[in-house]
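*Asks:* File follows, coords_34.txt with compact mmCIF, C-alpha atoms:
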# COMPACT_ATOMS: atom_id res chain seq x y z
CA MET K 66 11.69 -4.52 21.78
CA SER K 67 13.81 -5.19 18.68
CA LEU K 68 12.36 -4.09 15.35
CA GLU K 69 14.75 -6.20 13.33
CA THR K 70 12.77 -8.65 11.24
CA PRO K 71 13.11 -12.14 12.78
CA GLU K 72 15.09 -14.56 10.65
CA LYS K 73 12.13 -16.92 10.17
CA ILE K 74 9.97 -14.10 8.78
CA ARG K 75 12.83 -12.77 6.65
CA ASN K 76 13.32 -16.24 5.15
CA LEU K 77 9.63 -16.41 4.26
CA GLN K 78 9.79 -12.98 2.63
CA ARG K 79 12.90 -13.95 0.69
CA LYS K 80 11.26 -17.13 -0.61
CA LEU K 81 8.11 -15.27 -1.68
CA TYR K 82 10.14 -12.56 -3.42
CA CYS K 83 12.40 -15.04 -5.24
CA LYS K 84 9.43 -17.12 -6.40
CA ALA K 85 7.61 -14.05 -7.68
CA LYS K 86 10.74 -12.68 -9.38
CA ALA K 87 11.60 -15.98 -11.04
CA GLU K 88 8.03 -16.64 -12.24
CA PRO K 89 6.23 -13.40 -13.24
CA ALA K 90 3.04 -15.28 -14.07
CA PHE K 91 2.93 -17.33 -10.86
CA ARG K 92 -0.12 -16.84 -8.63
CA PHE K 93 0.01 -17.48 -4.89
CA TYR K 94 -2.72 -19.71 -3.44
CA VAL K 95 -1.74 -20.14 0.23
CA LEU K 96 -0.90 -16.93 2.10
CA TYR K 97 -3.62 -16.26 4.67
CA ASP K 98 -2.23 -18.84 7.08
CA LYS K 99 1.02 -16.87 7.18
CA VAL K 100 -0.84 -13.74 8.31
CA CYS K 101 -2.24 -15.78 11.21
CA ARG K 102 1.17 -16.97 12.41
CA GLU K 103 2.00 -16.02 16.00
CA ASP K 104 5.48 -14.73 15.15
CA ILE K 105 4.19 -12.55 12.30
CA LEU K 106 1.38 -11.06 14.39
CA ARG K 107 3.80 -10.41 17.26
CA HIS K 108 6.29 -8.65 14.95
CA ALA K 109 3.41 -6.72 13.35
CA TYR K 110 2.39 -5.47 16.79
CA MET K 111 5.94 -4.36 17.54
CA LEU K 112 6.12 -2.44 14.27
CA ALA K 113 2.74 -0.80 14.89
CA ARG K 114 3.80 0.02 18.46
CA ALA K 115 6.97 1.69 17.22
CA ASN K 116 4.97 3.83 14.78
CA ALA K 117 2.74 4.90 17.68
CA GLY K 118 -0.11 7.05 16.39
CA ALA K 119 -3.48 8.02 17.76
CA PRO K 120 -6.13 5.45 18.74
CA GLY K 121 -8.95 4.57 16.37
CA VAL K 122 -12.70 4.71 16.91
CA ASP K 123 -12.55 2.32 19.86
CA GLY K 124 -10.21 4.62 21.79
CA VAL K 125 -7.86 1.74 22.67
CA THR K 126 -4.21 2.79 23.12
CA PHE K 127 -0.98 0.81 23.06
CA GLU K 128 -0.52 1.56 26.75
CA GLN K 129 -3.85 -0.11 27.54
CA ILE K 130 -2.95 -3.18 25.48
CA ASP K 131 0.47 -3.43 27.14
CA ALA K 132 -1.09 -3.09 30.59
CA SER K 133 -3.67 -5.82 29.95
CA GLY K 134 -1.12 -8.19 28.40
CA VAL K 135 0.07 -8.15 24.80
CA GLU K 136 0.25 -11.93 24.42
CA VAL K 137 -3.35 -12.39 25.55
CA TRP K 138 -4.46 -9.59 23.21
CA LEU K 139 -2.58 -11.11 20.28
CA ALA K 140 -3.99 -14.57 21.02
CA GLY K 141 -7.52 -13.18 20.82
CA LEU K 142 -6.76 -11.40 17.56
CA ARG K 143 -5.22 -14.56 16.10
CA GLU K 144 -8.32 -16.56 17.08
CA ASN K 145 -10.51 -14.04 15.24
CA LEU K 146 -8.36 -14.41 12.13
CA VAL K 147 -8.15 -18.21 12.23
CA SER K 148 -11.92 -18.56 12.77
CA LYS K 149 -12.61 -15.96 10.04
CA THR K 150 -14.64 -13.90 12.50
CA TYR K 151 -12.33 -10.90 12.21
CA ARG K 152 -14.06 -7.75 10.96
CA PRO K 153 -12.34 -4.37 10.77
CA ASP K 154 -13.66 -1.46 12.79
CA PRO K 155 -14.69 1.80 11.12
CA VAL K 156 -11.81 4.08 10.19
CA ARG K 157 -11.60 7.32 12.16
CA ARG K 158 -11.20 10.24 9.75
CA VAL K 159 -9.42 13.42 10.69
CA THR K 160 -8.09 16.24 8.55
CA ILE K 161 -4.56 17.57 8.54
CA PRO K 162 -3.65 21.07 7.29
CA MET K 163 -1.83 21.40 3.99
CA PRO K 164 0.03 24.33 2.39
CA GLY K 165 -2.27 26.93 0.90
CA GLY K 166 -4.98 26.46 3.49
CA ARG K 167 -6.09 23.09 2.11
CA GLU K 168 -6.85 20.06 4.24
CA ARG K 169 -6.10 16.39 3.59
CA PRO K 170 -8.29 13.63 5.00
CA LEU K 171 -6.41 11.03 7.01
CA GLY K 172 -7.86 7.68 8.04
CA ILE K 173 -6.87 6.19 11.41
CA PRO K 174 -7.69 2.47 11.79
CA THR K 175 -7.86 0.94 15.26
CA ILE K 176 -4.66 -0.60 16.61
CA ARG K 177 -6.22 -4.01 16.11
CA ASP K 178 -6.69 -3.31 12.41
CA ARG K 179 -3.26 -1.70 12.07
CA VAL K 180 -1.67 -4.88 13.42
CA VAL K 181 -3.55 -7.15 11.01
CA GLN K 182 -2.76 -4.87 8.07
CA THR K 183 0.90 -4.85 9.06
CA ALA K 184 0.91 -8.65 9.26
CA ALA K 185 -0.64 -8.89 5.80
CA LYS K 186 1.86 -6.39 4.45
CA LEU K 187 4.76 -8.44 5.83
CA VAL K 188 3.49 -11.40 3.81
CA ILE K 189 2.36 -9.92 0.49
CA GLU K 190 4.70 -6.96 0.02
CA PRO K 191 7.68 -9.12 -1.13
CA ILE K 192 5.50 -10.60 -3.89
CA PHE K 193 4.59 -7.22 -5.34
CA GLU K 194 8.07 -5.81 -4.78
CA ALA K 195 9.20 -8.35 -7.37
CA ASP K 196 6.82 -6.73 -9.88
CA PHE K 197 7.20 -3.02 -9.15
CA GLU K 198 8.89 -0.88 -11.77
CA ASP K 199 12.30 0.59 -10.98
CA SER K 200 10.87 4.06 -11.59
CA ALA K 201 8.65 3.85 -8.44
CA TYR K 202 10.08 5.14 -5.17
CA GLY K 203 7.16 5.81 -2.83
CA TYR K 204 6.50 3.67 0.26
CA ARG K 205 8.95 0.94 -0.71
CA PRO K 206 11.58 -0.86 1.38
CA ARG K 207 15.02 0.72 1.15
CA ARG K 208 13.69 3.54 -1.05
CA SER K 209 12.77 7.09 -0.13
CA ALA K 210 11.80 10.50 -1.45
CA VAL K 211 15.49 11.40 -1.38
CA ASP K 212 16.21 8.56 -3.80
CA ALA K 213 13.51 9.87 -6.15
CA VAL K 214 15.06 13.35 -6.01
CA LYS K 215 18.53 11.94 -6.68
CA GLU K 216 17.28 9.99 -9.70
CA THR K 217 15.52 13.09 -11.03
CA HIS K 218 18.71 15.12 -10.55
CA ARG K 219 20.76 12.42 -12.29
CA LEU K 220 18.46 12.50 -15.32
CA ILE K 221 18.54 16.30 -15.49
CA CYS K 222 22.34 16.19 -15.43
CA ARG K 223 22.20 13.75 -18.36
CA GLY K 224 20.27 16.29 -20.43
CA TYR K 225 16.66 15.36 -19.65
CA THR K 226 15.84 18.97 -18.82
CA ASP K 227 12.31 19.23 -20.23
CA VAL K 228 10.21 18.35 -17.17
CA VAL K 229 6.51 17.90 -16.43
CA ASP K 230 5.59 17.60 -12.75
CA ALA K 231 2.25 15.84 -12.09
CA ASP K 232 0.25 15.34 -8.91
CA LEU K 233 -2.69 12.94 -9.09
CA SER K 234 -5.58 14.71 -7.41
CA ARG K 235 -7.20 12.71 -4.57
CA TYR K 236 -5.41 9.59 -5.76
CA PHE K 237 -5.93 7.49 -2.62
CA ASP K 238 -9.61 8.48 -2.49
CA THR K 239 -10.37 7.58 -6.11
CA ILE K 240 -8.64 4.23 -6.72
CA PRO K 241 -11.40 1.97 -8.12
CA HIS K 242 -11.82 -1.16 -6.01
CA ALA K 243 -12.68 -3.44 -8.93
CA ASP K 244 -9.55 -2.59 -10.92
CA LEU K 245 -7.35 -2.61 -7.82
CA LEU K 246 -8.54 -6.08 -6.83
CA LYS K 247 -7.91 -7.31 -10.37
CA SER K 248 -4.33 -6.11 -10.04
CA VAL K 249 -3.98 -7.87 -6.68
CA ALA K 250 -5.56 -11.06 -8.06
CA ARG K 251 -3.00 -11.26 -10.85
CA ARG K 252 -0.63 -12.44 -8.16
CA ILE K 253 -2.79 -13.54 -5.24
CA VAL K 254 -5.62 -16.02 -5.58
CA ASP K 255 -5.84 -17.02 -1.93
CA ARG K 256 -9.53 -16.23 -1.40
CA HIS K 257 -9.12 -15.56 2.29
CA MET K 258 -6.38 -13.00 1.62
CA LEU K 259 -8.53 -11.31 -1.01
CA TRP K 260 -11.43 -11.35 1.46
CA LEU K 261 -9.23 -9.59 4.01
CA ILE K 262 -8.26 -6.83 1.57
CA LYS K 263 -11.89 -6.35 0.54
CA LEU K 264 -12.86 -5.93 4.20
CA TRP K 265 -10.40 -3.05 4.56
CA LEU K 266 -11.54 -1.39 1.35
CA LYS K 267 -15.18 -1.60 2.45
CA ALA K 268 -14.64 -0.50 6.06
CA PRO K 269 -16.94 2.43 6.91
CA VAL K 270 -15.45 5.80 7.78
CA GLU K 271 -16.42 7.69 10.92
CA GLU K 272 -16.19 11.47 11.16
CA ARG K 273 -17.17 13.80 13.97
CA ASP K 274 -18.11 17.46 13.59
CA GLY K 275 -17.22 20.28 15.94
CA ASP K 276 -20.09 19.30 18.25
CA GLY K 277 -18.94 15.69 18.42
CA LYS K 278 -21.80 14.47 16.24
CA ARG K 279 -20.95 11.19 14.54
CA ARG K 280 -21.32 10.73 10.79
CA MET K 281 -20.66 7.48 8.92
CA SER K 282 -19.78 7.12 5.23
CA GLY K 283 -18.38 4.49 2.90
CA GLY K 284 -19.00 0.89 3.85
CA LYS K 285 -20.17 -1.92 1.59
CA SER K 286 -21.58 0.45 -1.00
CA ASN K 287 -18.22 2.16 -1.46
CA THR K 288 -16.58 1.40 -4.81
CA CYS K 289 -13.39 3.42 -4.68
CA GLY K 290 -10.65 4.66 -2.39
CA THR K 291 -8.29 3.26 0.19
CA PRO K 292 -7.99 5.47 3.28
CA GLN K 293 -4.74 7.42 3.40
CA GLY K 294 -3.29 6.60 6.80
CA GLY K 295 -4.04 2.87 6.76
CA VAL K 296 -1.01 0.56 6.90
CA ALA K 297 -2.06 -1.39 3.79
CA SER K 298 -3.07 1.68 1.77
CA PRO K 299 0.39 2.70 0.49
CA LEU K 300 1.08 -0.82 -0.79
CA LEU K 301 -2.34 -1.01 -2.46
CA ALA K 302 -1.80 2.43 -3.99
CA ASN K 303 1.57 1.30 -5.35
CA ILE K 304 0.02 -1.85 -6.83
CA TYR K 305 -2.51 0.25 -8.73
CA MET K 306 0.05 2.88 -9.83
CA ASN K 307 2.27 0.10 -11.17
CA ARG K 308 -0.32 -0.46 -13.90
CA PHE K 309 0.54 2.92 -15.40
CA LEU K 310 4.30 2.57 -14.93
CA LYS K 311 4.29 -0.90 -16.47
CA HIS K 312 2.23 0.36 -19.40
CA TRP K 313 4.71 3.19 -19.89
CA ARG K 314 7.58 0.71 -20.18
CA LEU K 315 5.87 -2.00 -22.24
CA THR K 316 4.50 0.42 -24.85
CA GLY K 317 7.91 1.99 -25.39
CA ARG K 318 6.79 5.48 -24.46
CA GLY K 319 10.19 6.31 -22.99
CA GLU K 320 11.95 5.49 -26.23
CA ALA K 321 9.29 7.17 -28.37
CA PHE K 322 9.54 10.48 -26.51
CA HIS K 323 13.16 10.25 -25.28
CA ALA K 324 11.73 10.42 -21.78
CA HIS K 325 11.88 8.89 -18.31
CA VAL K 326 9.27 8.80 -15.57
CA VAL K 327 10.05 8.97 -11.85
CA SER K 328 7.15 8.21 -9.51
CA TYR K 329 6.64 8.75 -5.79
CA ALA K 330 3.21 7.65 -4.48
CA ASP K 331 0.66 9.98 -6.13
CA ASP K 332 3.29 12.28 -7.67
CA PHE K 333 5.40 11.70 -10.74
CA VAL K 334 7.64 13.62 -13.09
CA ILE K 335 8.31 13.04 -16.76
CA LEU K 336 11.77 14.12 -17.88
CA SER K 337 12.62 14.35 -21.54
CA ARG K 338 15.00 15.84 -24.04
CA GLY K 339 12.47 18.20 -25.55
CA HIS K 340 9.33 16.00 -25.56
CA ALA K 341 7.99 15.95 -21.99
CA GLU K 342 4.76 17.75 -22.88
CA GLU K 343 4.10 15.29 -25.71
CA ALA K 344 4.88 12.37 -23.41
CA TYR K 345 2.49 13.71 -20.78
CA GLN K 346 -0.39 14.58 -23.12
CA PRO K 347 -1.85 11.07 -23.56
CA VAL K 348 -1.39 10.01 -19.91
CA ASP K 349 -5.05 10.58 -19.00
CA GLU K 350 -6.14 8.57 -22.02
CA VAL K 351 -3.98 5.56 -21.33
CA ALA K 352 -5.96 2.36 -20.80
CA VAL K 353 -3.50 0.92 -18.31
CA CYS K 354 -3.21 -2.84 -18.10
Can the structure in the file be given as structure tokens, please?
*Replies:*
Amino acid sequence: MSLETPEKIRNLQRKLYCKAKAEPAFRFYVLYDKVCREDILRHAYMLARANAGAPGVDGVTFEQIDASGVEVWLAGLRENLVSKTYRPDPVRRVTIPMPGGRERPLGIPTIRDRVVQTAAKLVIEPIFEADFEDSAYGYRPRRSAVDAVKETHRLICRGYTDVVDADLSRYFDTIPHADLLKSVARRIVDRHMLWLIKLWLKAPVEERDGDGKRRMSGGKSNTCGTPQGGVASPLLANIYMNRFLKHWRLTGRGEAFHAHVVSYADDFVILSRGHAEEAYQPVDEVAVC
């Protein structure tokens, strides 16, 4: 299966990006129908299949879907989306070891939900890419951690040698839903698309202890966090982080402190010619817009 984006989908993405870039205040009203398109769902499945990964709470694997017939499976998923009967399954939470003996929670949606999230990402990512600050490198098309390191090295070579390295603690787990959705709604007012994103944010989380006992958390009462491991989560995290990066630029903080910021997901560095500590000091107090 080819993972090259089909020309029809690429044309749609190009049009969305160009419209968003040309009109920063434009809000998109009709997007959900694109997520339901057969070609977009099929390509989303291929992308999810290539990324592989463990099954979610339902235990369904890609091999099982392939054996039963992908086209039939996709047709059923599309019908759920078109009829608005789609509801995400709980997210399976596992922990992965981190340096220093720490553990990081990782959310694993079902394949069904990964495909829908990928389809939505194919449609809305170009819109927000038009808005993202140049200083952001994490989870973006044609950008990588290596690019962030190169930019940091370039700035150091230019004399920005006073550096503060910051890591936002539990960033994905603490993003407030209300503020995140406000940021999304500044560009997207398609109520069905917003409904879809809310469903993912409110999906319950399933954990199992060493004895296999099931424990549920989150759900409709949850007011913050987007599970790290979900396909849509990196994009949503970038949308929220862009508030800070945009505020940094619009308030002239770089000029005021002779500083630059380079961001990668929940990490960022501030590089300055002697003022990095001053530039960093008010970060926690910033009322980002």
*Asks:* Find the residue from K:Arg273, K:His218, K:His312, K:Arg252 that sits nearest to K:Phe193; use all atoms listed in the file when measuring.
*Replies:* K:Arg252
*Asks:* Using only C-alpha atoms, can you tell me which of K:Phe322, K:Trp260, K:Phe197, K:Tyr225 comes closest to K:Ala302?
*Replies:*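 That would be K:Phe197, the residue with the smallest distance to K:Ala302.
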*Asks:* Please list as a PyMOL selection string every residue within 7 Å of stretch 154-163 of chain K, counting only C-alpha atoms and excluding residues in the same chain fewer than 6 positions away.
*Replies:* chain K and resi 121-122+169-175+268-272
*Asks:* By how many Å are atom CA of K:Arg79 and atom CA of K:Pro206 apart?
*Replies:*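 Atom CA of K:Pro206 lies 13.2 Å from atom CA of K:Arg79.
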*Asks:* Would you mind reading off the distance between atom CA of K:Ser234 and atom CA of K:Phe333, one decimal, in Å?
*Replies:* 11.9 Å
*Asks:* One decimal, Å: what's the distance from atom CA of K:Glu190 over to atom CA of K:Leu300, could you say?
*Replies:*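 Computed distance, atom CA of K:Glu190 to atom CA of K:Leu300, equals 7.2 Å.
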